[in-house]
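Structure data (mmCIF, C-alpha atoms) from structure.cif:
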```cif
data_input
loop_
_atom_site.label_atom_id
_atom_site.label_comp_id
_atom_site.auth_asym_id
_atom_site.auth_seq_id
_atom_site.Cartn_x
_atom_site.Cartn_y
_atom_site.Cartn_z
CA MET A 1 62.58 108.50 -71.97
CA GLN A 2 61.52 104.89 -71.96
CA ILE A 3 61.23 104.99 -68.18
CA CYS A 4 57.78 106.57 -68.65
CA ASN A 5 56.56 103.13 -69.77
CA LEU A 6 57.11 101.95 -66.21
CA ILE A 7 54.96 104.59 -64.45
CA ALA A 8 51.73 102.60 -64.66
CA ILE A 9 53.53 99.35 -63.83
CA ILE A 10 55.08 100.79 -60.67
CA PHE A 11 51.74 102.29 -59.66
CA GLY A 12 49.91 99.03 -60.40
CA ILE A 13 52.36 96.88 -58.45
CA SER A 14 52.30 99.18 -55.43
CA ASN A 15 48.49 99.12 -55.38
CA ARG A 16 47.99 95.49 -56.35
CA LYS A 17 46.53 94.50 -52.96
CA HIS A 18 43.55 96.74 -53.67
CA PHE A 19 42.71 95.03 -56.96
CA ASN A 20 39.27 93.58 -56.51
CA HIS A 21 38.83 92.01 -59.92
CA PRO A 22 40.89 89.12 -61.33
CA MET A 23 41.01 90.71 -64.80
CA ILE A 24 42.85 93.74 -63.39
CA LYS A 25 45.60 91.42 -62.19
CA VAL A 26 45.69 89.83 -65.66
CA PHE A 27 45.95 93.32 -67.16
CA LEU A 28 48.85 94.22 -64.88
CA SER A 29 50.71 91.06 -65.95
CA TYR A 30 50.06 91.92 -69.59
CA LEU A 31 51.20 95.50 -69.00
CA ILE A 32 54.48 94.41 -67.40
CA PHE A 33 55.18 92.05 -70.28
CA SER A 34 54.20 94.41 -73.09
CA GLU A 35 55.90 97.51 -71.70
CA PHE A 36 59.20 95.69 -71.28
CA ILE A 37 58.95 94.41 -74.86
CA GLU A 38 58.27 97.97 -76.02
CA ILE A 39 61.24 99.33 -74.12
CA GLY A 40 63.43 96.64 -75.68
CA LEU A 41 62.01 97.38 -79.10
CA ILE A 42 62.69 101.11 -78.97
CA THR A 43 66.15 100.64 -77.48
CA LEU A 44 67.09 98.19 -80.25
CA ALA A 45 65.63 100.48 -82.94
CA GLU A 46 67.65 103.37 -81.51
CA MET A 47 70.75 101.26 -81.89
CA GLY A 48 69.77 100.62 -85.51
CA ILE A 49 68.81 96.99 -84.97
CA LYS A 50 65.57 95.88 -86.62
CA ASN A 51 63.72 93.36 -84.52
CA HIS A 52 60.57 92.15 -86.16
CA PHE A 53 60.31 89.30 -83.70
CA LEU A 54 59.70 91.71 -80.80
CA VAL A 55 57.12 93.70 -82.80
CA ASN A 56 55.28 90.50 -83.64
CA ILE A 57 55.42 89.28 -80.05
CA PHE A 58 54.19 92.65 -78.79
CA LEU A 59 51.15 92.65 -81.06
CA LEU A 60 50.48 88.95 -80.58
CA VAL A 61 50.45 89.25 -76.79
CA THR A 62 48.23 92.34 -76.95
CA PHE A 63 45.81 90.74 -79.35
CA SER A 64 45.66 87.51 -77.33
CA TYR A 65 45.04 89.51 -74.16
CA MET A 66 42.22 91.54 -75.74
CA ALA A 67 40.68 88.44 -77.31
CA SER A 68 40.74 86.62 -73.95
CA ILE A 69 39.01 89.57 -72.21
CA PHE A 70 36.48 89.63 -75.01
CA PHE A 71 35.72 85.92 -74.53
CA TYR A 72 35.80 86.09 -70.75
CA ASN A 73 33.24 88.84 -70.50
CA PHE A 74 30.97 89.16 -73.41
CA VAL A 75 30.66 86.36 -75.89
CA LYS A 76 27.44 84.39 -75.62
CA LYS A 77 27.80 80.64 -76.10
CA LYS A 78 25.85 80.47 -79.33
CA TYR A 79 28.16 82.96 -81.07
CA LEU A 80 31.31 81.52 -79.58
CA PHE A 81 32.37 79.46 -82.59
CA PHE A 82 31.82 82.23 -85.15
CA ILE A 83 34.03 84.63 -83.23
CA PHE A 84 36.53 82.15 -81.85
CA TRP A 85 37.38 80.78 -85.30
CA PRO A 86 38.59 84.02 -87.00
CA LEU A 87 40.31 85.28 -83.84
CA SER A 88 42.19 82.04 -83.32
CA LYS A 89 43.15 82.03 -87.00
CA ILE A 90 44.70 85.49 -86.64
CA ILE A 91 46.59 84.38 -83.55
CA LEU A 92 47.79 81.31 -85.44
CA LEU A 93 48.89 83.38 -88.43
CA ASN A 94 50.81 85.68 -86.10
CA ILE A 95 52.52 82.71 -84.50
CA ILE A 96 53.49 81.28 -87.90
CA ASN A 97 54.84 84.67 -89.00
CA ILE A 98 56.56 85.41 -85.73
CA PHE A 99 60.01 85.80 -87.31
CA GLU A 100 58.75 87.45 -90.49
CA PHE A 101 57.69 91.00 -91.09
CA ASN A 102 54.21 90.77 -92.54
CA LYS A 103 52.96 94.35 -92.55
CA MET A 104 49.43 93.57 -93.62
CA LEU A 105 49.03 90.97 -90.92
CA LEU A 106 50.37 93.36 -88.26
CA ILE A 107 48.08 96.16 -89.40
CA SER A 108 45.04 93.89 -89.43
CA THR A 109 45.93 92.50 -85.99
CA ASN A 110 46.34 96.02 -84.65
CA SER A 111 43.05 97.11 -86.26
CA LEU A 112 41.22 94.19 -84.68
CA THR A 113 42.74 95.05 -81.29
CA ILE A 114 41.37 98.58 -81.75
CA LEU A 115 37.94 97.25 -82.69
CA ILE A 116 37.83 94.95 -79.65
CA SER A 117 38.91 97.71 -77.26
CA GLY A 118 36.28 100.04 -78.79
CA TYR A 119 33.66 97.37 -78.33
CA LEU A 120 34.78 96.79 -74.72
CA ILE A 121 34.54 100.54 -74.01
CA ILE A 122 30.96 100.71 -75.29
CA LYS A 123 30.05 97.53 -73.41
CA GLU A 124 31.59 98.81 -70.15
CA SER A 125 29.83 102.15 -70.52
CA ASN A 126 26.53 100.28 -70.30
CA ASN A 127 27.45 98.72 -66.97
CA ASP A 128 24.63 99.91 -64.73
CA SER A 129 26.16 98.90 -61.44
CA ILE A 130 28.87 101.54 -61.50
CA SER A 131 29.31 105.06 -62.79
CA ILE A 132 31.36 105.22 -65.98
CA SER A 133 34.00 107.56 -64.58
CA SER A 134 34.63 105.05 -61.77
CA ASN A 135 34.84 102.02 -63.99
CA SER A 136 38.45 100.84 -64.09
CA PHE A 137 37.92 98.76 -67.24
CA PHE A 138 36.59 101.78 -69.09
CA TRP A 139 39.79 103.73 -68.40
CA ILE A 140 42.10 100.80 -69.11
CA ASN A 141 40.39 100.03 -72.42
CA SER A 142 40.43 103.73 -73.30
CA GLY A 143 44.20 103.74 -72.73
CA MET A 144 44.56 100.70 -74.97
CA LEU A 145 42.38 102.24 -77.69
CA ILE A 146 44.26 105.53 -77.70
CA TYR A 147 47.64 103.83 -77.76
CA PHE A 148 46.88 101.32 -80.51
CA PHE A 149 44.82 103.68 -82.67
CA SER A 150 47.48 106.38 -82.53
CA THR A 151 50.30 103.96 -83.26
CA LEU A 152 48.51 102.43 -86.24
CA SER A 153 50.01 105.10 -88.48
CA ILE A 154 53.45 104.30 -87.08
CA LEU A 155 52.94 100.68 -87.98
CA ILE A 156 52.03 101.68 -91.54
CA MET A 157 55.28 103.65 -91.80
CA PHE A 158 57.29 101.01 -89.96
CA ASN A 159 59.76 100.50 -92.84
CA TYR A 160 60.76 104.14 -92.67
CA ILE A 161 61.11 104.16 -88.89
CA THR A 162 63.53 101.25 -88.84
CA ASN A 163 65.53 102.54 -91.78
CA PRO A 164 68.66 104.36 -90.53
CA GLN A 165 68.51 106.67 -93.56
CA HIS A 166 65.33 108.27 -92.22
CA LYS A 167 66.62 109.29 -88.80
CA ILE A 168 64.27 112.25 -88.47
CA ILE A 169 61.25 109.94 -88.81
CA PHE A 170 62.57 107.72 -86.05
CA THR A 171 63.10 110.78 -83.85
CA TYR A 172 59.52 111.87 -84.46
CA PHE A 173 58.31 108.32 -83.73
CA LYS A 174 60.28 108.29 -80.47
CA TYR A 175 58.77 111.56 -79.21
CA PHE A 176 55.27 110.79 -80.41
CA ASN A 177 55.46 107.36 -78.79
CA PHE A 178 56.65 109.04 -75.59
CA ILE A 179 53.61 111.38 -75.51
CA ILE A 180 51.18 108.58 -76.32
CA THR A 181 52.74 106.34 -73.68
CA ILE A 182 52.35 109.05 -71.03
CA PHE A 183 48.77 109.58 -72.14
CA SER A 184 47.82 105.91 -72.08
CA ASN A 185 49.74 105.28 -68.85
CA SER A 186 47.77 108.07 -67.16
CA LEU A 187 44.56 106.33 -68.21
CA TYR A 188 45.85 102.99 -66.87
CA ILE A 189 46.71 104.70 -63.57
CA LYS A 190 43.22 106.19 -63.45
CA GLY A 191 41.89 102.66 -64.02
CA PHE A 192 44.01 101.28 -61.16
CA LEU A 193 42.84 104.12 -58.91
CA CYS A 194 39.19 103.39 -59.67
CA CYS A 195 39.85 99.80 -58.77
CA LYS A 196 41.13 100.79 -55.34
CA THR A 197 37.88 102.42 -54.35
CA MET A 198 34.64 102.49 -56.26
CA LYS A 199 33.25 105.98 -56.24
CA TYR A 200 29.59 106.30 -57.15
CA MET B 1 60.24 108.03 -103.88
CA LEU B 2 58.95 110.12 -100.99
CA GLN B 3 61.23 112.61 -99.30
CA ASP B 4 61.85 112.60 -95.57
CA ASP B 5 59.90 115.82 -95.12
CA GLU B 6 56.88 114.46 -96.94
CA ILE B 7 56.89 111.24 -94.93
CA LEU B 8 57.28 113.18 -91.72
CA ILE B 9 54.37 115.50 -92.50
CA MET B 10 52.25 112.52 -93.47
CA MET B 11 53.13 110.74 -90.24
CA ILE B 12 52.46 113.78 -88.09
CA MET B 13 49.11 114.36 -89.77
CA THR B 14 47.91 110.77 -89.55
CA SER B 15 49.16 110.09 -86.03
CA LEU B 16 47.69 113.31 -84.62
CA MET B 17 44.44 112.72 -86.47
CA MET B 18 44.18 109.22 -85.09
CA LEU B 19 44.99 110.43 -81.58
CA ALA B 20 42.29 113.09 -81.89
CA MET B 21 39.77 110.58 -83.26
CA SER B 22 40.31 108.04 -80.48
CA SER B 23 40.16 110.75 -77.79
CA PHE B 24 36.97 112.12 -79.34
CA PHE B 25 35.41 108.66 -79.35
CA ILE B 26 36.13 108.24 -75.63
CA TYR B 27 34.84 111.75 -74.91
CA VAL B 28 31.59 111.04 -76.80
CA VAL B 29 31.01 107.75 -74.92
CA LEU B 30 31.74 109.44 -71.59
CA ARG B 31 29.45 112.37 -72.33
CA SER B 32 26.53 110.34 -73.61
CA GLN B 33 26.73 108.00 -70.64
CA ARG B 34 26.70 110.95 -68.24
CA LYS B 35 23.58 112.26 -69.97
CA ILE B 36 21.87 108.88 -69.67
CA ARG B 37 22.86 108.69 -65.99
CA ARG B 38 21.42 112.14 -65.32
CA LYS B 39 18.11 111.15 -66.89
CA GLN B 40 18.04 107.90 -64.92
CA LEU B 41 18.68 109.88 -61.76
CA GLU B 42 15.81 112.24 -62.44
CA MET B 43 13.53 109.27 -62.98
CA PHE B 44 14.77 107.63 -59.82
CA ASN B 45 14.18 110.87 -57.95
CA ALA B 46 10.53 110.80 -59.03
CA VAL B 47 10.22 107.13 -58.05
CA ILE B 48 11.73 107.76 -54.60
CA ASP B 49 9.38 110.68 -54.01
CA ALA B 50 6.36 108.61 -55.00
CA GLN B 51 7.60 105.72 -52.86
CA GLU B 52 8.05 107.95 -49.81
CA GLN B 53 4.58 109.45 -50.25
CA GLU B 54 3.07 105.98 -50.60
CA GLN B 55 4.89 104.80 -47.48
CA VAL B 56 3.59 107.81 -45.56
CA ARG B 57 0.04 107.07 -46.75
CA ILE B 58 0.26 103.35 -45.83
CA ALA B 59 1.78 104.17 -42.43
CA ARG B 60 -0.93 106.73 -41.73
CA ASP B 61 -3.69 104.35 -42.82
CA LEU B 62 -2.29 101.59 -40.64
CA HIS B 63 -1.92 103.89 -37.66
CA ASP B 64 -5.18 105.84 -37.99
CA GLN B 65 -7.54 103.20 -39.37
CA ILE B 66 -6.42 99.68 -38.49
CA GLY B 67 -4.98 100.72 -35.10
CA PRO B 68 -8.23 102.20 -33.70
CA VAL B 69 -10.30 99.25 -34.99
CA LEU B 70 -8.00 96.83 -33.20
CA SER B 71 -8.18 98.95 -30.02
CA ILE B 72 -12.00 98.84 -30.14
CA ILE B 73 -11.93 95.05 -30.56
CA ARG B 74 -9.60 94.78 -27.57
CA SER B 75 -11.80 96.94 -25.32
CA GLN B 76 -14.90 95.02 -26.40
CA LEU B 77 -13.14 91.77 -25.56
CA ASP B 78 -12.16 93.16 -22.15
CA VAL B 79 -15.83 93.95 -21.46
CA ILE B 80 -16.85 90.30 -21.82
CA ASP B 81 -17.34 88.92 -18.32
CA ASP B 82 -15.23 85.82 -17.65
CA SER B 83 -17.65 84.46 -14.99
CA GLY B 84 -20.24 83.50 -17.63
CA LEU B 85 -17.71 81.56 -19.73
CA ASP B 86 -16.68 77.94 -19.48
CA ASP B 87 -12.99 76.92 -19.56
CA ILE B 88 -12.90 76.39 -23.34
CA ASP B 89 -14.35 79.86 -24.04
CA LYS B 90 -11.98 81.41 -21.51
CA GLY B 91 -9.07 79.77 -23.37
CA ILE B 92 -10.37 81.05 -26.71
CA LYS B 93 -10.79 84.57 -25.29
CA LYS B 94 -7.23 84.50 -23.95
CA ASP B 95 -5.92 83.30 -27.32
CA VAL B 96 -7.80 86.04 -29.19
CA GLN B 97 -6.46 88.67 -26.77
CA GLU B 98 -2.91 87.42 -27.30
CA HIS B 99 -3.26 87.39 -31.11
CA LEU B 100 -4.82 90.81 -30.97
CA ALA B 101 -1.91 92.15 -28.92
CA THR B 102 0.52 90.66 -31.46
CA ALA B 103 -1.45 92.19 -34.36
CA MET B 104 -1.46 95.62 -32.64
CA ASN B 105 2.28 95.43 -32.03
CA ASP B 106 2.90 94.37 -35.64
CA VAL B 107 0.77 97.19 -37.01
CA ARG B 108 2.64 99.68 -34.82
CA SER B 109 6.01 98.25 -35.76
CA ILE B 110 5.24 98.22 -39.51
CA SER B 111 3.89 101.73 -39.30
CA HIS B 112 6.98 102.94 -37.41
CA ASN B 113 9.31 101.25 -39.87
CA LEU B 114 7.59 102.97 -42.74
CA ILE B 115 7.88 106.32 -40.99
CA PRO B 116 9.97 106.29 -37.82
CA LYS B 117 7.78 107.26 -34.88
CA THR B 118 10.13 109.93 -33.65
CA PHE B 119 10.93 111.38 -37.06
CA SER B 120 8.29 114.07 -37.23
CA GLU B 121 8.61 114.90 -33.50
CA TYR B 122 12.34 114.70 -32.81
CA GLY B 123 13.98 114.59 -36.23
CA PHE B 124 16.78 112.57 -37.76
CA LEU B 125 19.22 112.00 -34.92
CA LYS B 126 16.73 110.84 -32.27
CA SER B 127 15.09 108.55 -34.84
CA LEU B 128 18.48 107.09 -35.65
CA GLU B 129 19.24 106.51 -31.97
CA TYR B 130 15.81 104.91 -31.48
CA TYR B 131 16.40 102.68 -34.52
CA ILE B 132 19.84 101.66 -33.23
CA ILE B 133 18.43 100.71 -29.82
CA ARG B 134 15.87 98.47 -31.51
CA LEU B 135 18.53 97.02 -33.80
CA LYS B 136 20.73 96.15 -30.80
CA ASP B 137 17.79 94.43 -29.08
CA PHE B 138 16.72 92.34 -32.05
CA ASN B 139 20.07 91.49 -33.64
CA LYS B 140 22.47 91.30 -30.69
CA ILE B 141 24.89 93.56 -32.48
CA GLN B 142 27.04 96.32 -30.99
CA VAL B 143 26.45 99.68 -32.67
CA ILE B 144 28.68 102.64 -31.89
CA LEU B 145 27.21 105.94 -33.00
CA ASN B 146 29.39 109.00 -32.92
CA CYS B 147 27.64 112.24 -33.77
CA GLN B 148 28.39 115.44 -31.92
CA TYR B 149 26.09 117.77 -33.77
CA TRP B 150 23.20 117.62 -36.18
CA PRO B 151 21.73 120.78 -37.72
CA ASN B 152 17.97 121.04 -37.52
CA ASN B 153 17.44 122.83 -40.81
CA LEU B 154 18.41 120.15 -43.31
CA GLY B 155 14.97 119.48 -44.65
CA HIS B 156 12.70 116.47 -44.43
CA THR B 157 13.57 114.99 -47.85
CA PHE B 158 17.29 115.04 -47.12
CA GLU B 159 16.89 113.55 -43.65
CA ILE B 160 14.45 110.79 -44.61
CA THR B 161 16.56 109.78 -47.63
CA LEU B 162 19.69 109.67 -45.48
CA PHE B 163 17.81 107.66 -42.88
CA ARG B 164 16.78 105.14 -45.55
CA ILE B 165 20.41 104.84 -46.70
CA LEU B 166 21.57 104.06 -43.16
CA GLN B 167 18.63 101.70 -42.61
CA GLU B 168 19.63 99.77 -45.75
CA LEU B 169 23.27 99.58 -44.59
CA PHE B 170 22.27 98.36 -41.11
CA GLN B 171 20.00 95.75 -42.63
CA ASN B 172 22.70 94.57 -45.05
CA THR B 173 25.16 94.16 -42.18
CA CYS B 174 22.63 92.25 -40.05
CA LYS B 175 21.57 89.99 -42.91
CA HIS B 176 24.82 89.21 -44.71
CA ALA B 177 27.93 90.42 -42.87
CA HIS B 178 27.98 88.17 -39.76
CA ALA B 179 29.36 91.19 -37.94
CA SER B 180 29.40 91.78 -34.21
CA GLU B 181 30.07 95.51 -34.34
CA ILE B 182 29.02 98.48 -36.42
CA ASN B 183 30.72 101.85 -36.25
CA LEU B 184 28.90 104.93 -37.47
CA GLN B 185 30.53 108.34 -37.43
CA ILE B 186 28.73 111.47 -38.53
CA LEU B 187 30.88 114.55 -38.89
CA ILE B 188 29.79 118.02 -39.91
CA ASP B 189 32.35 120.59 -40.87
CA ASN B 190 30.94 123.85 -42.24
CA ASP B 191 28.96 122.76 -45.29
CA ALA B 192 30.41 119.28 -45.54
CA LEU B 193 28.70 116.26 -44.06
CA THR B 194 30.83 113.12 -43.82
CA ILE B 195 29.43 109.78 -42.77
CA LYS B 196 31.71 106.84 -42.09
CA TYR B 197 30.04 103.47 -41.77
CA SER B 198 32.01 100.33 -41.05
CA ASP B 199 31.39 96.84 -39.74
CA ASN B 200 33.70 93.99 -38.77
CA GLY B 201 31.95 91.41 -40.90
CA VAL B 202 32.99 89.32 -43.89
CA GLY B 203 32.92 92.19 -46.40
CA LEU B 204 31.68 91.87 -49.95
CA ASN B 205 32.28 88.42 -51.42
CA LYS B 206 32.63 89.69 -54.99
CA PRO B 207 34.16 92.72 -56.70
CA ILE B 208 32.30 95.96 -56.04
CA SER B 209 31.98 96.54 -59.77
CA ASP B 210 30.13 93.22 -60.11
CA ASN B 211 27.85 93.89 -57.20
CA THR B 212 24.44 94.40 -58.68
CA GLY B 213 22.41 93.85 -55.50
CA ILE B 214 19.27 95.94 -55.22
CA GLY B 215 20.26 97.19 -51.75
CA LEU B 216 23.58 98.64 -52.90
CA LYS B 217 21.97 100.08 -56.03
CA ASN B 218 19.36 101.81 -53.87
CA ILE B 219 22.02 103.25 -51.60
CA LYS B 220 24.00 104.46 -54.60
CA SER B 221 20.97 106.05 -56.25
CA ARG B 222 19.79 107.72 -53.03
CA THR B 223 23.29 109.11 -52.46
CA GLN B 224 23.35 110.52 -55.98
CA LEU B 225 19.89 111.90 -55.38
CA LEU B 226 21.25 113.94 -52.47
CA GLY B 227 24.13 115.10 -54.63
CA GLY B 228 26.55 113.12 -52.53
CA GLU B 229 29.49 110.86 -53.17
CA MET B 230 29.93 107.34 -51.91
CA VAL B 231 33.21 105.46 -51.60
CA ILE B 232 33.20 101.78 -50.74
CA GLU B 233 36.20 99.87 -49.49
CA SER B 234 35.60 96.26 -48.74
CA THR B 235 38.04 93.46 -48.12
CA GLN B 236 37.52 90.15 -46.37
CA GLN B 237 40.05 91.18 -43.72
CA SER B 238 38.70 94.62 -42.88
CA GLY B 239 34.95 94.13 -43.28
CA PHE B 240 32.77 96.61 -45.05
CA ASN B 241 33.64 100.31 -45.02
CA VAL B 242 31.72 103.03 -46.73
CA LEU B 243 32.26 106.76 -46.73
CA PHE B 244 29.66 109.33 -47.74
CA ASN B 245 30.35 112.96 -48.52
CA PHE B 246 27.53 115.45 -48.89
CA ASN B 247 27.54 119.12 -49.59
CA LEU B 248 25.01 120.60 -47.18
CA LYS B 249 24.47 123.66 -49.35
CA ARG B 250 22.73 121.34 -51.80
CA ALA B 251 20.86 119.69 -48.95
CA TYR B 252 19.33 122.99 -47.85
CA GLY B 253 17.87 123.18 -51.32
CA THR B 254 16.05 119.89 -50.79
CA LYS B 255 13.85 121.28 -48.05
#
```
Rewrite the coordinates I just gave you, this time as structure tokens.
Amino acid sequence: MQICNLIAIIFGISNRKHFNHPMIKVFLSYLIFSEFIEIGLITLAEMGIKNHFLVNIFLLVTFSYMASIFFYNFVKKKYLFFIFWPLSKIILLNIINIFEFNKMLLISTNSLTILISGYLIIKESNNDSISISSNSFFWINSGMLIYFFSTLSILIMFNYITNPQHKIIFTYFKYFNFIITIFSNSLYIKGFLCCKTMKY
Amino acid sequence: MLQDDEILIMMIMTSLMMLAMSSFFIYVVLRSQRKIRRKQLEMFNAVIDAQEQEQVRIARDLHDQIGPVLSIIRSQLDVIDDSGLDDIDKGIKKDVQEHLATAMNDVRSISHNLIPKTFSEYGFLKSLEYYIIRLKDFNKIQVILNCQYWPNNLGHTFEITLFRILQELFQNTCKHAHASEINLQILIDNDALTIKYSDNGVGLNKPISDNTGIGLKNIKSRTQLLGGEMVIESTQQSGFNVLFNFNLKRAYGTK
């Protein structure tokens, strides 16, 4: 079941020569890293092993990636400090708590990731030079938003998922995660396809 | 303490609700942007129409008003007898005649660029061939045109807009691509018109999504105006390639 995480990666790698924007290559690297962490995470959870370190790493990498895109594209110099300071503080807190399970911190990190991806979607939709349905960043960010927004509830219930006494909840999580992964991976693939050729 | 069933129901409810909310958000953004695009297109349509009409008026004014005045000046100059002039005056007369000839050529050329000379008489294909011949002469560039058939009932608006698209592409290649060859294929299959344009130049030097040049924007907008689709593929190794697809059923409506 976890193989579905690799669909977008395989597609991205096989089409990487068509990538015409450096941030798409950065996204592919992030995707490879994060999807393998997720596969590891689910496999360990299935075996009944709690691994908070992997969860923390997964969210930290995602948040850092989103924050870097946010800085790279949109932040004007005069606002840089006001946004950089809280974002870097969250990254720092995540690093400090990397071996701990701090639910509130994880939920707030995930929520901020959702907010940033929502902001990026709105920003990309105002890109005049290309139609929205052909904008690879729009589809990629949509995939991110759907995945992280839908899994926010899972994060809230994380204690139950990793508890072997609540096996049925873990089973639900596994199948729900599978559907969401397929959904978000399809959007990533659409993003990669748009990158190959720009249709107006 | 919550039971498994209760937790499960809670999880199902919240996760599905969140999935629905995020999908709805994306759908709303997509839909509102499409609406905005459609409105922009309508506005652009009106601008293009006005622009074409203005170009026709300027071309006609140049051809019918400035042209005859220049011709009269030339014939009046020719009437002046050289025998009564000294060498300086003869030199001045020759200079004026030369400048006049240049001005007449420029007026004709500007007028023809605004509305191709052959367009109203011979239509799209002949005008394109005429334009390519001139392009080859002025830019030392090899242009291969492959078009077996062109229907003569496509309508003036469709043909002139398509001509402007190709003109813009040719000019982009000549100005920026450093290409030595352009390949243009026009294929018509039932109601589908496919145009393949390619050059062997340097291609686009930045991502297509970042390309905000006015030329490319114009081409994109004109293509949308004709209800067509445009696909660009550009790499530094393979030059610039663009593919247009038009549904001719829509084009008939533009007559």
Practice task
Report as a VMD selection string the residues that result from applying the PyMOL selection byres ((chain A) within 10 of (chain B)) to the structure here.
Solution key: chain A and resid 17 to 22 114 118 121 to 122 125 to 139 141 to 143 145 to 154 156 to 157 160 165 to 170 172 to 173 176 to 177 180 194 to 200
Handout entry: Atom-to-atom span, CA of Arg38 (chain B) and CA of Lys123 (chain A), Å
Key =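 Computing the Euclidean distance for CA of Arg38 (chain B) and CA of Lys123 (chain A) yields 18.8 Å.
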Exercise for the section: Enumerate, as a list in words, the residues matched when the PyMOL selection byres ((chain A and resi 90) around 10) is run on the file above. Expected result: Leu60, Phe63, Ser64, Trp85, Pro86, Leu87, Ser88, Lys89, Ile91, Leu92, Leu93, Asn94, Ile95, Ile96, Leu105, Leu106, Ser108, Thr109 and Leu112 of chain A
Exercise for the section: Enter the distance from CA of Ile13 (chain A) to CA of Phe71 (chain A), in Å, rounded to one decimal. Expected result: 25.6 Å
Problem - d(CA of Asp61 (chain B), CA of Ser111 (chain B)) in Å - result: 8.8 Å
For region 131-140 of chain A, I'd like the enclosing box, axis-aligned and padded by 4 Å on every side, reported as JSON with centre and edge lengths in Å to one decimal.
```
{"center_x": 35.7, "center_y": 103.2, "center_z": -65.4, "size_x": 20.8, "size_y": 16.8, "size_z": 15.3}
```
Handout entry: Distance query 6 Å from (49.4, 103.1, -59.9) using all atoms listed in the file, result as JSON, numbers by chain
Key = {"A": [8, 11, 12, 189, 192]}
Writer output for current selection, C-alpha atoms, as a JSON list (two decimals), in the coordinates of the input:
```json
[["chain", "number", "residue", "atom", "x", "y", "z"],
["A", 8, "ALA", "CA", 51.73, 102.60, -64.66],
["A", 11, "PHE", "CA", 51.74, 102.29, -59.66],
["A", 12, "GLY", "CA", 49.91, 99.03, -60.40],
["A", 189, "ILE", "CA", 46.71, 104.70, -63.57],
["A", 192, "PHE", "CA", 44.01, 101.28, -61.16]]
```
Exercise for the section: Expand the PyMOL selection byres ((chain A and resi 27) around 10) into the individual residues it matches in the shown file, reporting them as a PyMOL selection string. Expected result: chain A and resi 12+22-26+28-33+65-66+69+137+140+188
What would region 21-32 of chain B look like with N, CA and C atoms restored, written as a PDB file, in the coordinates of the input?
```
ATOM      1  N   MET B  21      40.971 111.391 -83.032  1.00  0.00           N
ATOM      2  CA  MET B  21      39.770 110.580 -83.260  1.00  0.00           C
ATOM      3  C   MET B  21      39.479 109.651 -82.090  1.00  0.00           C
ATOM      4  N   SER B  22      40.539 108.982 -81.601  1.00  0.00           N
ATOM      5  CA  SER B  22      40.310 108.040 -80.480  1.00  0.00           C
ATOM      6  C   SER B  22      39.912 108.797 -79.219  1.00  0.00           C
ATOM      7  N   SER B  23      40.536 109.968 -78.987  1.00  0.00           N
ATOM      8  CA  SER B  23      40.160 110.750 -77.790  1.00  0.00           C
ATOM      9  C   SER B  23      38.724 111.233 -77.908  1.00  0.00           C
ATOM     10  N   PHE B  24      38.340 111.638 -79.118  1.00  0.00           N
ATOM     11  CA  PHE B  24      36.970 112.120 -79.340  1.00  0.00           C
ATOM     12  C   PHE B  24      35.956 111.002 -79.101  1.00  0.00           C
ATOM     13  N   PHE B  25      36.300 109.811 -79.548  1.00  0.00           N
ATOM     14  CA  PHE B  25      35.410 108.660 -79.350  1.00  0.00           C
ATOM     15  C   PHE B  25      35.166 108.435 -77.853  1.00  0.00           C
ATOM     16  N   ILE B  26      36.250 108.466 -77.078  1.00  0.00           N
ATOM     17  CA  ILE B  26      36.130 108.240 -75.630  1.00  0.00           C
ATOM     18  C   ILE B  26      35.311 109.367 -74.993  1.00  0.00           C
ATOM     19  N   TYR B  27      35.575 110.588 -75.444  1.00  0.00           N
ATOM     20  CA  TYR B  27      34.840 111.750 -74.910  1.00  0.00           C
ATOM     21  C   TYR B  27      33.337 111.611 -75.192  1.00  0.00           C
ATOM     22  N   VAL B  28      33.004 111.178 -76.422  1.00  0.00           N
ATOM     23  CA  VAL B  28      31.590 111.040 -76.800  1.00  0.00           C
ATOM     24  C   VAL B  28      30.904 109.966 -75.934  1.00  0.00           C
ATOM     25  N   VAL B  29      31.579 108.830 -75.754  1.00  0.00           N
ATOM     26  CA  VAL B  29      31.010 107.750 -74.920  1.00  0.00           C
ATOM     27  C   VAL B  29      30.784 108.260 -73.503  1.00  0.00           C
ATOM     28  N   LEU B  30      31.810 108.938 -72.966  1.00  0.00           N
ATOM     29  CA  LEU B  30      31.740 109.440 -71.590  1.00  0.00           C
ATOM     30  C   LEU B  30      30.592 110.435 -71.428  1.00  0.00           C
ATOM     31  N   ARG B  31      30.474 111.324 -72.397  1.00  0.00           N
ATOM     32  CA  ARG B  31      29.450 112.370 -72.330  1.00  0.00           C
ATOM     33  C   ARG B  31      28.035 111.801 -72.457  1.00  0.00           C
ATOM     34  N   SER B  32      27.875 110.894 -73.410  1.00  0.00           N
ATOM     35  CA  SER B  32      26.530 110.340 -73.610  1.00  0.00           C
ATOM     36  C   SER B  32      26.113 109.501 -72.412  1.00  0.00           C
TER      37      SER B  32
END
```
